[in-house]
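Asker: Below you'll find data-v3.txt; it's compact mmCIF, C-alpha atoms and all ligand atoms.
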# COMPACT_ATOMS: atom_id res chain seq x y z
CA MET A 1 -193.87 144.33 106.58
CA VAL A 2 -195.91 145.40 103.54
CA ALA A 3 -193.92 146.69 100.56
CA VAL A 4 -194.58 148.26 97.19
CA ILE A 5 -193.13 145.83 94.65
CA GLY A 6 -192.40 147.07 91.11
CA ILE A 7 -192.07 144.84 88.04
CA VAL A 8 -190.20 146.65 85.25
CA ALA A 9 -189.93 145.83 81.54
CA GLU A 10 -186.68 144.50 80.08
CA ILE A 11 -184.72 146.55 77.56
CA LYS A 12 -181.76 144.26 76.78
CA ASP A 13 -181.33 143.31 73.11
CA GLY A 14 -183.85 140.61 72.15
CA GLU A 15 -184.99 140.14 75.77
CA ARG A 16 -188.71 139.32 76.01
CA ARG A 17 -188.97 137.78 79.48
CA VAL A 18 -190.69 139.30 82.49
CA ALA A 19 -189.62 138.45 86.06
CA LEU A 20 -193.14 137.67 87.34
CA ASP A 21 -196.01 136.20 85.33
CA PRO A 22 -199.61 136.92 86.44
CA PRO A 23 -199.80 133.98 88.94
CA GLY A 24 -196.44 135.02 90.44
CA ALA A 25 -197.51 138.66 90.79
CA GLY A 26 -200.90 137.52 92.16
CA LEU A 27 -199.15 135.54 94.89
CA LEU A 28 -197.54 138.78 96.12
CA VAL A 29 -200.88 140.64 96.06
CA ASP A 30 -202.47 137.82 98.07
CA ALA A 31 -199.64 138.14 100.61
CA GLY A 32 -200.74 141.76 101.19
CA HIS A 33 -198.14 143.68 99.13
CA GLU A 34 -198.96 146.45 96.69
CA VAL A 35 -197.72 145.32 93.27
CA VAL A 36 -197.22 147.73 90.37
CA MET A 37 -195.96 146.81 86.93
CA GLU A 38 -194.67 148.84 84.04
CA ARG A 39 -197.38 148.89 81.39
CA GLY A 40 -196.72 146.20 78.79
CA ALA A 41 -193.94 144.50 80.80
CA GLY A 42 -195.49 141.06 80.24
CA GLU A 43 -196.38 141.55 76.55
CA GLY A 44 -193.24 139.85 75.20
CA SER A 45 -194.13 136.69 77.13
CA GLY A 46 -197.78 136.76 76.05
CA PHE A 47 -199.15 138.22 79.32
CA PRO A 48 -201.15 141.40 78.58
CA ASP A 49 -201.77 144.01 81.31
CA PRO A 50 -205.38 142.89 82.03
CA ALA A 51 -204.11 139.41 82.98
CA TYR A 52 -202.22 141.09 85.85
CA GLU A 53 -204.87 143.71 86.64
CA ARG A 54 -207.48 141.01 87.20
CA LEU A 55 -205.31 139.76 90.08
CA GLY A 56 -204.95 143.19 91.72
CA VAL A 57 -201.72 144.42 90.08
CA LYS A 58 -201.67 148.08 88.99
CA ALA A 59 -200.23 148.88 85.52
CA VAL A 60 -198.26 152.13 85.79
CA ALA A 61 -195.71 154.26 83.92
CA ARG A 62 -192.06 153.09 83.82
CA GLU A 63 -190.92 155.78 86.29
CA ASP A 64 -193.53 154.69 88.82
CA ALA A 65 -192.60 150.99 88.57
CA TRP A 66 -188.94 151.94 89.17
CA GLY A 67 -190.13 154.08 92.12
CA ALA A 68 -191.27 151.02 94.13
CA ASP A 69 -189.56 149.91 97.38
CA LEU A 70 -188.44 146.63 95.82
CA VAL A 71 -187.88 146.47 92.05
CA VAL A 72 -187.92 143.04 90.42
CA LYS A 73 -186.65 142.44 86.90
CA VAL A 74 -184.90 139.71 84.90
CA LYS A 75 -181.55 141.01 83.65
CA GLU A 76 -178.97 143.25 85.27
CA PRO A 77 -179.69 146.97 84.69
CA GLU A 78 -178.30 148.21 81.36
CA PRO A 79 -176.29 151.49 81.57
CA SER A 80 -179.33 153.40 80.29
CA GLU A 81 -181.27 152.13 83.34
CA TRP A 82 -178.68 153.26 85.87
CA ALA A 83 -180.46 156.65 86.20
CA HIS A 84 -183.12 154.72 88.16
CA LEU A 85 -180.62 153.48 90.76
CA ARG A 86 -181.05 155.47 93.97
CA SER A 87 -180.38 155.29 97.66
CA GLY A 88 -183.02 153.21 99.46
CA LEU A 89 -183.92 151.16 96.39
CA ARG A 90 -183.95 147.38 96.84
CA LEU A 91 -183.29 145.52 93.59
CA PHE A 92 -183.75 141.80 92.91
CA CYS A 93 -182.72 140.35 89.52
CA PHE A 94 -179.87 138.51 87.75
CA LEU A 95 -176.78 140.66 88.36
CA HIS A 96 -173.71 138.55 87.36
CA LEU A 97 -171.46 141.26 88.84
CA ALA A 98 -168.29 139.18 88.32
CA ALA A 99 -168.67 139.96 84.60
CA VAL A 100 -169.80 143.62 85.03
CA PRO A 101 -167.74 145.14 87.85
CA GLU A 102 -168.71 148.64 86.71
CA LEU A 103 -172.33 147.84 87.64
CA ALA A 104 -171.16 146.73 91.11
CA ALA A 105 -169.52 150.14 91.52
CA ALA A 106 -172.67 151.97 90.32
CA LEU A 107 -174.90 150.02 92.74
CA ALA A 108 -172.54 150.70 95.63
CA GLU A 109 -172.05 154.41 94.86
CA ARG A 110 -175.80 154.97 94.57
CA GLY A 111 -176.65 153.20 97.83
CA VAL A 112 -178.77 150.40 96.28
CA GLU A 113 -179.43 147.22 98.28
CA ALA A 114 -178.92 144.73 95.44
CA HIS A 115 -179.88 141.06 95.61
CA ALA A 116 -179.00 138.60 92.83
CA PHE A 117 -181.15 135.69 91.68
CA GLU A 118 -178.07 133.67 90.70
CA THR A 119 -176.45 133.61 94.15
CA VAL A 120 -179.52 132.63 96.22
CA GLU A 121 -178.76 129.23 97.80
CA ASP A 122 -181.02 126.56 99.23
CA GLN A 123 -180.12 124.40 102.24
CA GLN A 124 -178.13 121.99 100.05
CA GLY A 125 -176.07 124.84 98.59
CA ARG A 126 -177.89 124.59 95.22
CA LEU A 127 -178.95 127.67 93.23
CA PRO A 128 -182.75 127.42 92.91
CA LEU A 129 -183.33 130.74 91.09
CA LEU A 130 -180.57 130.13 88.52
CA ALA A 131 -181.57 126.51 87.86
CA PRO A 132 -184.73 127.14 85.77
CA MET A 133 -182.84 129.44 83.38
CA SER A 134 -179.88 127.05 83.21
CA GLU A 135 -182.30 124.30 82.29
CA ILE A 136 -183.66 126.35 79.39
CA ALA A 137 -180.23 127.59 78.27
CA GLY A 138 -178.87 124.03 78.35
CA ARG A 139 -181.71 122.69 76.22
CA ALA A 140 -181.33 125.64 73.84
CA ALA A 141 -177.57 125.11 73.54
CA ALA A 142 -178.02 121.79 71.76
CA VAL A 143 -180.47 123.29 69.26
CA VAL A 144 -178.34 126.38 68.64
CA ALA A 145 -175.15 124.35 68.24
CA ALA A 146 -176.74 121.94 65.76
CA GLY A 147 -178.07 124.85 63.66
CA GLU A 148 -174.79 126.78 63.71
CA LEU A 149 -172.85 123.66 62.74
CA ALA A 150 -174.88 123.54 59.52
CA ALA A 151 -173.72 127.09 58.77
CA GLY A 152 -170.15 126.27 59.85
CA SER A 153 -168.56 122.97 58.84
CA GLY A 154 -171.80 121.59 57.39
CA THR A 155 -171.76 118.62 59.75
CA LEU A 156 -175.00 116.93 60.86
CA LEU A 157 -174.54 115.88 64.48
CA GLY A 158 -176.33 112.56 64.02
CA GLY A 159 -174.21 111.48 61.05
CA ALA A 160 -175.57 108.98 58.50
CA ALA A 161 -175.04 105.34 57.46
CA GLY A 162 -171.31 105.02 56.86
CA VAL A 163 -170.58 108.50 58.27
CA PRO A 164 -169.83 108.80 61.99
CA SER A 165 -171.88 111.08 64.21
CA GLY A 166 -170.51 114.45 65.27
CA ARG A 167 -168.59 114.84 68.54
CA ALA A 168 -169.56 117.19 71.34
CA VAL A 169 -167.77 118.15 74.53
CA VAL A 170 -169.68 119.62 77.48
CA VAL A 171 -167.59 121.43 80.11
CA GLY A 172 -169.41 121.62 83.46
CA LEU A 173 -172.10 119.02 84.13
CA GLY A 174 -174.44 121.08 86.30
CA THR A 175 -178.00 122.00 85.40
CA ALA A 176 -177.12 123.69 82.08
CA GLY A 177 -174.42 121.21 81.05
CA ARG A 178 -176.56 118.16 81.76
CA LEU A 179 -179.47 119.47 79.73
CA ALA A 180 -177.11 120.40 76.88
CA ALA A 181 -175.60 116.90 76.98
CA ARG A 182 -179.03 115.35 76.96
CA GLY A 183 -180.10 117.47 73.97
CA LEU A 184 -176.91 116.67 72.06
CA ARG A 185 -177.34 112.95 72.78
CA GLY A 186 -180.93 113.27 71.57
CA LEU A 187 -179.51 114.48 68.27
CA ASP A 188 -177.28 111.37 68.22
CA ALA A 189 -174.01 113.23 68.78
CA THR A 190 -171.20 111.42 70.62
CA VAL A 191 -170.87 113.38 73.87
CA THR A 192 -167.94 113.68 76.29
CA GLY A 193 -168.61 115.36 79.64
CA MET A 194 -165.98 117.14 81.73
CA ASP A 195 -166.36 118.33 85.32
CA ILE A 196 -164.19 118.72 88.40
CA ASP A 197 -166.87 116.86 90.37
CA LEU A 198 -166.34 113.09 90.02
CA ASP A 199 -169.80 112.29 91.41
CA ARG A 200 -171.48 114.34 88.71
CA MET A 201 -169.49 112.60 86.00
CA ARG A 202 -170.29 109.20 87.51
CA GLU A 203 -174.02 109.96 87.68
CA ASP A 204 -174.13 111.35 84.13
CA SER A 205 -172.34 108.31 82.78
CA LEU A 206 -174.72 106.00 84.59
CA MET A 207 -177.74 107.94 83.35
CA GLY A 208 -176.42 107.71 79.79
CA LEU A 209 -176.25 111.49 79.35
CA VAL A 210 -172.68 111.20 78.07
CA GLU A 211 -170.71 108.42 76.36
CA SER A 212 -167.54 109.20 78.27
CA THR A 213 -166.25 111.55 80.92
CA ARG A 214 -162.85 113.15 81.46
CA THR A 215 -161.36 115.12 84.32
CA PRO A 216 -160.46 118.53 82.89
CA THR A 217 -156.67 118.93 82.80
CA PRO A 218 -155.00 121.11 80.14
CA ASP A 219 -154.01 117.93 78.22
CA SER A 220 -157.39 116.19 78.41
CA VAL A 221 -159.24 119.38 77.49
CA GLY A 222 -156.86 119.92 74.55
CA GLU A 223 -157.39 116.37 73.25
CA ALA A 224 -161.16 116.34 73.65
CA VAL A 225 -161.71 119.81 72.20
CA ALA A 226 -159.40 119.28 69.18
CA ASP A 227 -161.65 116.42 68.14
CA ALA A 228 -164.98 118.14 68.80
CA ASP A 229 -167.51 119.57 66.36
CA VAL A 230 -169.29 121.28 69.25
CA VAL A 231 -168.05 122.52 72.63
CA VAL A 232 -170.55 123.76 75.22
CA GLY A 233 -169.15 125.77 78.16
CA ALA A 234 -171.22 125.55 81.37
CA ALA A 235 -168.70 125.59 84.25
CA LEU A 236 -169.66 127.69 87.26
CA VAL A 237 -168.15 128.58 90.61
CA PRO A 238 -171.08 130.43 92.27
CA GLY A 239 -170.57 134.20 92.40
CA ALA A 240 -167.04 134.01 90.97
CA ARG A 241 -165.73 134.75 87.50
CA ALA A 242 -166.01 131.54 85.44
CA PRO A 243 -162.84 129.40 85.42
CA THR A 244 -161.02 129.43 82.06
CA VAL A 245 -161.12 125.74 81.19
CA VAL A 246 -160.69 125.82 77.39
CA ARG A 247 -157.67 127.86 76.24
CA ARG A 248 -157.16 129.71 72.97
CA GLU A 249 -154.67 127.07 71.74
CA HIS A 250 -157.33 124.37 72.27
CA VAL A 251 -159.81 126.38 70.19
CA ALA A 252 -157.20 126.99 67.47
CA ALA A 253 -156.77 123.21 67.14
CA MET A 254 -160.50 122.65 66.37
CA HIS A 255 -161.66 121.93 62.81
CA PRO A 256 -162.65 125.08 60.89
CA GLY A 257 -166.40 125.67 61.10
CA SER A 258 -166.79 123.88 64.44
CA VAL A 259 -169.03 125.52 67.06
CA ILE A 260 -168.58 126.86 70.58
CA VAL A 261 -171.57 127.75 72.77
CA ASP A 262 -170.27 129.33 75.97
CA LEU A 263 -173.23 129.59 78.34
CA ALA A 264 -170.89 130.59 81.17
CA ILE A 265 -170.30 133.89 79.36
CA ASP A 266 -172.66 135.61 81.83
CA GLN A 267 -169.96 134.98 84.47
CA GLY A 268 -167.14 135.97 82.09
CA GLY A 269 -166.97 132.71 80.06
CA CYS A 270 -165.10 129.41 80.60
CA ILE A 271 -163.59 129.44 77.09
CA GLU A 272 -160.75 131.91 76.55
CA THR A 273 -161.91 133.08 73.10
CA ALA A 274 -165.50 133.79 74.26
CA ARG A 275 -166.83 137.34 74.50
CA PRO A 276 -170.45 138.39 75.11
CA THR A 277 -172.83 138.60 72.14
CA VAL A 278 -176.47 139.64 71.83
CA LEU A 279 -179.51 137.84 70.46
CA SER A 280 -179.73 140.08 67.39
CA ASP A 281 -176.09 139.30 66.45
CA PRO A 282 -175.25 136.12 68.35
CA VAL A 283 -172.29 134.59 66.48
CA TYR A 284 -168.73 135.62 65.58
CA VAL A 285 -165.89 133.56 64.12
CA GLU A 286 -162.52 133.39 65.88
CA GLU A 287 -159.69 130.89 65.20
CA GLY A 288 -162.00 129.58 62.44
CA VAL A 289 -164.57 128.48 65.05
CA HIS A 290 -168.13 129.84 65.25
CA HIS A 291 -168.76 131.28 68.74
CA TYR A 292 -172.29 131.70 70.15
CA CYS A 293 -171.91 133.57 73.45
CA VAL A 294 -175.28 135.15 74.19
CA THR A 295 -175.72 136.20 77.82
CA ASN A 296 -179.52 135.86 77.82
CA VAL A 297 -180.25 132.67 75.87
CA PRO A 298 -183.62 132.02 77.63
CA GLY A 299 -184.79 135.51 76.54
CA GLN A 300 -185.69 134.05 73.15
CA PHE A 301 -188.11 131.55 74.74
CA PRO A 302 -190.01 134.09 76.89
CA ARG A 303 -193.25 132.20 77.34
CA THR A 304 -191.57 129.14 78.87
CA ALA A 305 -188.75 131.07 80.55
CA SER A 306 -190.94 133.69 82.29
CA ARG A 307 -193.25 131.02 83.69
CA ALA A 308 -190.33 128.89 84.90
CA LEU A 309 -188.55 131.91 86.38
CA ALA A 310 -191.66 133.28 88.12
CA ALA A 311 -192.47 129.93 89.73
CA ALA A 312 -189.05 129.99 91.42
CA VAL A 313 -188.77 133.73 92.01
CA ALA A 314 -192.22 134.71 93.36
CA PRO A 315 -191.87 133.00 96.80
CA ALA A 316 -188.35 134.46 97.12
CA VAL A 317 -189.63 137.98 96.31
CA GLU A 318 -192.35 137.55 98.93
CA GLU A 319 -189.80 136.56 101.56
CA LEU A 320 -187.49 139.44 100.70
CA ALA A 321 -190.33 141.99 100.63
CA SER A 322 -191.75 140.81 103.96
CA ALA A 323 -188.30 140.88 105.60
CA GLY A 324 -187.99 144.60 104.71
CA PRO A 325 -184.82 146.65 104.12
CA GLY A 326 -181.70 144.83 105.28
CA GLY A 327 -183.50 141.45 105.10
CA ARG A 328 -181.90 138.83 102.88
CA LEU A 329 -182.23 135.29 101.61
CA PRO A 330 -179.26 132.92 101.98
CA GLY A 331 -176.65 134.15 99.46
CA SER A 332 -178.90 136.82 97.92
CA CYS A 333 -177.33 140.10 98.99
CA ASN A 334 -174.53 141.25 96.65
CA VAL A 335 -174.34 144.99 97.42
CA ARG A 336 -175.40 146.91 100.53
CA ASP A 337 -174.39 150.10 102.37
CA GLY A 338 -172.01 151.07 99.55
CA GLU A 339 -170.10 147.76 99.52
CA VAL A 340 -170.06 144.43 97.70
CA VAL A 341 -170.94 142.10 100.57
CA HIS A 342 -171.06 138.65 98.91
CA GLY A 343 -167.63 137.00 99.45
CA ALA A 344 -167.09 135.36 96.04
CA VAL A 345 -168.62 138.31 94.16
CA ALA A 346 -166.45 140.80 96.08
CA GLU A 347 -163.32 138.79 95.25
CA ALA A 348 -164.24 138.60 91.55
CA VAL A 349 -165.06 142.32 91.34
CA GLU A 350 -161.78 143.18 93.10
CA ALA A 351 -159.80 140.94 90.71
CA ALA A 352 -161.53 142.52 87.69
CA ARG A 353 -160.61 146.00 88.94
CA GLY A 354 -156.99 144.82 89.30
CA ARG A 355 -157.01 143.72 85.62
CA GLU A 356 -158.30 147.13 84.42
N1 LIG B 1 -175.92 132.41 78.78
C1 LIG B 1 -177.11 132.25 79.33
O1 LIG B 1 -178.11 132.74 78.84
C2 LIG B 1 -177.24 131.45 80.58
C3 LIG B 1 -178.49 131.07 81.06
C4 LIG B 1 -178.55 130.30 82.24
C5 LIG B 1 -177.39 129.94 82.89
N2 LIG B 1 -176.20 130.37 82.37
C6 LIG B 1 -174.92 130.07 83.01
O2 LIG B 1 -174.52 128.73 82.80
C7 LIG B 1 -173.50 128.45 83.76
C8 LIG B 1 -173.79 127.09 84.42
O3 LIG B 1 -174.91 127.21 85.26
P1 LIG B 1 -175.50 125.95 86.05
O4 LIG B 1 -176.77 126.39 86.69
O5 LIG B 1 -175.51 124.76 85.17
O6 LIG B 1 -174.41 125.78 87.19
P2 LIG B 1 -174.24 124.51 88.16
O7 LIG B 1 -173.70 125.05 89.43
O8 LIG B 1 -175.46 123.68 88.18
O9 LIG B 1 -173.10 123.65 87.42
C9 LIG B 1 -171.81 124.13 87.23
C10 LIG B 1 -170.89 122.94 87.06
O10 LIG B 1 -169.58 123.44 86.72
C11 LIG B 1 -168.65 122.57 87.34
N3 LIG B 1 -167.34 123.19 87.36
C12 LIG B 1 -166.86 124.15 88.20
N4 LIG B 1 -165.58 124.44 87.89
C13 LIG B 1 -165.24 123.64 86.83
C14 LIG B 1 -164.07 123.47 86.06
N5 LIG B 1 -162.95 124.16 86.32
N6 LIG B 1 -164.08 122.56 85.05
C15 LIG B 1 -165.19 121.85 84.78
N7 LIG B 1 -166.34 121.97 85.49
C16 LIG B 1 -166.36 122.85 86.50
C17 LIG B 1 -169.27 122.31 88.71
O11 LIG B 1 -168.68 121.19 89.35
C18 LIG B 1 -170.73 122.10 88.33
O12 LIG B 1 -171.02 120.74 88.05
C19 LIG B 1 -173.51 129.63 84.74
O13 LIG B 1 -172.50 130.55 84.43
C20 LIG B 1 -174.87 130.25 84.50
O14 LIG B 1 -174.93 131.60 84.90
C21 LIG B 1 -176.12 131.11 81.25
Starting from the file, give its structure as structure tokens.
Ligand SMILES: NC(=O)c1ccc[n+]([C@@H]2O[C@H](COP(=O)([O-])OP(=O)(O)OC[C@H]3O[C@@H](n4cnc5c(N)ncnc54)[C@H](O)[C@@H]3O)[C@@H](O)[C@H]2O)c1
Answerer:
Amino acid sequence: MVAVIGIVAEIKDGERRVALDPPGAGLLVDAGHEVVMERGAGEGSGFPDPAYERLGVKAVAREDAWGADLVVKVKEPEPSEWAHLRSGLRLFCFLHLAAVPELAAALAERGVEAHAFETVEDQQGRLPLLAPMSEIAGRAAAVVAAGELAAGSGTLLGGAAGVPSGRAVVVGLGTAGRLAARGLRGLDATVTGMDIDLDRMREDSLMGLVESTRTPTPDSVGEAVADADVVVGAALVPGARAPTVVRREHVAAMHPGSVIVDLAIDQGGCIETARPTVLSDPVYVEEGVHHYCVTNVPGQFPRTASRALAAAVAPAVEELASAGPGGRLPGSCNVRDGEVVHGAVAEAVEAARGRE
């Protein structure tokens, strides 16, 4: 089946990524689809319209890009974009509905067939469309934490002769957590890794990504976090709301001016004191601890992030477009025929409604 595929520009605070770079969009044209893009959608990532037009993509007005059969974007639609949601539309982007149940309701009420990048699974149960962004967010977490620690307690992670290095705790040793641990180790911090998966902890120890590992129990988390200059949250249960691993009392026991970077905030956060922030105002202080809880960390590295995202996303878009309405990739479909149809997402959305 041939589809009209629309690439729309992002409007979230500080967001400069585009879902498909010119090679990614060109791949869809070569597969026989008609591809339209909102004029200027690639500008923030350094891809001007002519770079797409040369490959057969048509630059059109925003309304026309949203009018395509299958709309592809990076972040979940902001409330001001909900006017574009209509029956028959197929949408493919990051949705993170566990953290925004009101968007799940809007998609269902308006009859959108909504597919999420973050729940697409490969044959091994891994998340190939989330991984490239987790990689970037993990690397960024180390840089952000080190910078914020200067503003907070004034600690340099690497220490100095006669002064011990700073301590970091990474909760969740998946793609994001491992890259954060590696970055923090690169800055000579002393890093403890925590995960419920013993194999991951064993591998990370062997690879030297962390000095030590601990199974996360309330006591072990309390001890490790109380001693930490930096805590990075990166625990994920696919589709579900993030597990609360670090409790408020653990945060309250940290040294004043220490830093929390909760990457899992896009799924609701794995640190109790975390709440979403935006790139233009990324940090707040609670319990004396600086919290950086931006939901679109890779958006500030658009050139790298858009290329990495497009390389993973373009073949998936092609498959979804060719399959036509009702077609899906393993794990992709979150909302269809007025219902949340992904098991873990449906459970999380239901639980969030119960809390309201
Ligand atoms: N804020 C951002 O801009 C941004 C960008 C990219 C990714 N993320 C988010 O980062 C998070 C991690 O993504 P990922 O790709 O690394 O996931 P992943 O699936 O690769 O890794 C998640 C890890 O969490 C572990 N885990 C699950 N429950 C746990 C618990 N109770 N305690 C400790 N560990 C636990 C899992 O065993 C796994 O090792 C996700 O929420 C993802 O959406 C955020």
Asker: Might you pull out every residue within 9 Å of Thr295 of chain A, with only C-alpha atoms counted and same-chain residues fewer than 6 positions away left off, and present them as a CSV table (one decimal) with C-alpha atoms, keeping the file's coordinate frame?
Answerer:
chain,number,residue,atom,x,y,z
A,262,ASP,CA,-170.3,129.3,76.0
A,263,LEU,CA,-173.2,129.6,78.3
A,264,ALA,CA,-170.9,130.6,81.2
A,265,ILE,CA,-170.3,133.9,79.4
A,266,ASP,CA,-172.7,135.6,81.8
A,267,GLN,CA,-170.0,135.0,84.5
A,276,PRO,CA,-170.4,138.4,75.1
A,277,THR,CA,-172.8,138.6,72.1
A,278,VAL,CA,-176.5,139.6,71.8
A,279,LEU,CA,-179.5,137.8,70.5
Asker: Do you know which residues are within 8 Å of ligand LIG 1 (chain B) using all atoms listed in the file? Can you write them as a ChimeraX atom specification?
Answerer: /A:96,118,126-127,130-138,171-178,194-197,200,215-216,233-238,242-245,262-269,293-299
Asker: Mind dumping the selected residues with C-alpha atoms as a CSV table (one decimal), in the coordinates of the input?
Answerer:
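Written out: again_8.csv:
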chain,number,residue,atom,x,y,z
A,96,HIS,CA,-173.7,138.6,87.4
A,118,GLU,CA,-178.1,133.7,90.7
A,126,ARG,CA,-177.9,124.6,95.2
A,127,LEU,CA,-179.0,127.7,93.2
A,130,LEU,CA,-180.6,130.1,88.5
A,131,ALA,CA,-181.6,126.5,87.9
A,132,PRO,CA,-184.7,127.1,85.8
A,133,MET,CA,-182.8,129.4,83.4
A,134,SER,CA,-179.9,127.0,83.2
A,135,GLU,CA,-182.3,124.3,82.3
A,136,ILE,CA,-183.7,126.4,79.4
A,137,ALA,CA,-180.2,127.6,78.3
A,138,GLY,CA,-178.9,124.0,78.4
A,171,VAL,CA,-167.6,121.4,80.1
A,172,GLY,CA,-169.4,121.6,83.5
A,173,LEU,CA,-172.1,119.0,84.1
A,174,GLY,CA,-174.4,121.1,86.3
A,175,THR,CA,-178.0,122.0,85.4
A,176,ALA,CA,-177.1,123.7,82.1
A,177,GLY,CA,-174.4,121.2,81.0
A,178,ARG,CA,-176.6,118.2,81.8
A,194,MET,CA,-166.0,117.1,81.7
A,195,ASP,CA,-166.4,118.3,85.3
A,196,ILE,CA,-164.2,118.7,88.4
A,197,ASP,CA,-166.9,116.9,90.4
A,200,ARG,CA,-171.5,114.3,88.7
A,215,THR,CA,-161.4,115.1,84.3
A,216,PRO,CA,-160.5,118.5,82.9
A,233,GLY,CA,-169.2,125.8,78.2
A,234,ALA,CA,-171.2,125.6,81.4
A,235,ALA,CA,-168.7,125.6,84.2
A,236,LEU,CA,-169.7,127.7,87.3
A,237,VAL,CA,-168.2,128.6,90.6
A,238,PRO,CA,-171.1,130.4,92.3
A,242,ALA,CA,-166.0,131.5,85.4
A,243,PRO,CA,-162.8,129.4,85.4
A,244,THR,CA,-161.0,129.4,82.1
A,245,VAL,CA,-161.1,125.7,81.2
A,262,ASP,CA,-170.3,129.3,76.0
A,263,LEU,CA,-173.2,129.6,78.3
A,264,ALA,CA,-170.9,130.6,81.2
A,265,ILE,CA,-170.3,133.9,79.4
A,266,ASP,CA,-172.7,135.6,81.8
A,267,GLN,CA,-170.0,135.0,84.5
A,268,GLY,CA,-167.1,136.0,82.1
A,269,GLY,CA,-167.0,132.7,80.1
A,293,CYS,CA,-171.9,133.6,73.4
A,294,VAL,CA,-175.3,135.2,74.2
A,295,THR,CA,-175.7,136.2,77.8
A,296,ASN,CA,-179.5,135.9,77.8
A,297,VAL,CA,-180.2,132.7,75.9
A,298,PRO,CA,-183.6,132.0,77.6
A,299,GLY,CA,-184.8,135.5,76.5
Asker: Between A:Ala106, A:Val18, A:Val2, A:Ile7, which residue has the minimum interatomic distance to Glu319 of chain A, considering all atoms listed in the file?
Answerer: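 Among A:Ala106, A:Val18, A:Val2, A:Ile7, it is A:Val2 that comes nearest to Glu319 of chain A.
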Asker: Name the closest residue to Glu63 of chain A among the candidates A:Phe117, A:Val259, A:Leu85, A:Gly147; distances are taken between atoms, counting only C-alpha atoms.
Answerer: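 For Glu63 of chain A, the nearest of the candidates is A:Leu85.
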Asker: With all atoms listed in the file as the counted atoms, please give the residues lying no more than 9 Å from Glu109 of chain A, apart from itself and same-chain residues fewer than 5 positions off, as a PyMOL selection string.
Answerer: chain A and resi 87+104+337-339
Asker: Return the single residue from A:Met201, A:Ala308, A:Ala181, A:Leu149 that is closest to Ser45 of chain A, with distances computed using all atoms listed in the file.
Answerer: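 That would be A:Ala308, the residue with the smallest distance to Ser45 of chain A.
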Asker: Go ahead and compute the interatomic distance for atom CA of Arg328 of chain A and atom CA of Glu10 of chain A, in Å to one decimal.
Answerer: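 Distance between the two atoms: 24.0 Å.
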Asker: List as a list in words the protein and nucleic acid residues near segment 345-349 of chain A, meaning an atom at most 6 Å away when only C-alpha atoms are counted, but skip any in the same chain fewer than 5 places from it.
Answerer: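 Residues near the query, excluding close chain neighbours: Ala98, Pro101, Gly239, Ala240, Arg241 and Val340 of chain A.
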Asker: By how many Å are atom CA of Asp21 of chain A and atom CA of Ala68 of chain A apart?
Answerer: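 That distance, rounded to one decimal, is 17.9 Å.
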Asker: In Å, rounded to a single decimal, give me how far atom CA of Gly44 of chain A is from atom CA of Pro302 of chain A.
Answerer: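 Pair atom CA of Pro302 of chain A / atom CA of Gly44 of chain A returns 6.8 Å.
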Asker: Using all atoms listed in the file for the distances, tell me which of A:Glu76, A:Asp188, A:Asp13, A:Glu53 is nearest to Ala25 of chain A.
Answerer: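 Nearest to Ala25 of chain A: A:Glu53.
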Asker: Using only C-alpha atoms, can you list as JSON, numbers by chain the residues within 7 Å of (-177.9, 134.7, 100.1)?
Answerer: {"A": [119, 120, 121, 328, 329, 330, 331, 332, 333]}
Asker: Calculated over only C-alpha atoms, which of the candidates A:Thr217, A:Ser280, A:Gly162, A:Ser306 has the smallest distance to Lys73 of chain A?
Answerer: A:Ser306
Asker: Can you list, as a PDB file with C-alpha atoms, in the frame of the given file, every protein, DNA or RNA residue that comes within 7 Å of Asp49 of chain A when you count all atoms listed in the file, leaving out same-chain residues fewer than 2 positions away?
Answerer:
ATOM      1  CA  ARG A  39    -197.380 148.890  81.390  1.00  0.00           C
ATOM      2  CA  GLY A  40    -196.720 146.200  78.790  1.00  0.00           C
ATOM      3  CA  PHE A  47    -199.150 138.220  79.320  1.00  0.00           C
ATOM      4  CA  ALA A  51    -204.110 139.410  82.980  1.00  0.00           C
ATOM      5  CA  TYR A  52    -202.220 141.090  85.850  1.00  0.00           C
ATOM      6  CA  GLU A  53    -204.870 143.710  86.640  1.00  0.00           C
ATOM      7  CA  ALA A  59    -200.230 148.880  85.520  1.00  0.00           C
TER       8      ALA A  59
END
Asker: Smallest atom-to-atom distance to Val36 of chain A: which of A:Glu223, A:Glu15, A:Asp69, A:Glu148, using all atoms listed in the file?
Answerer: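 Under the stated criterion, the closest residue is A:Asp69.
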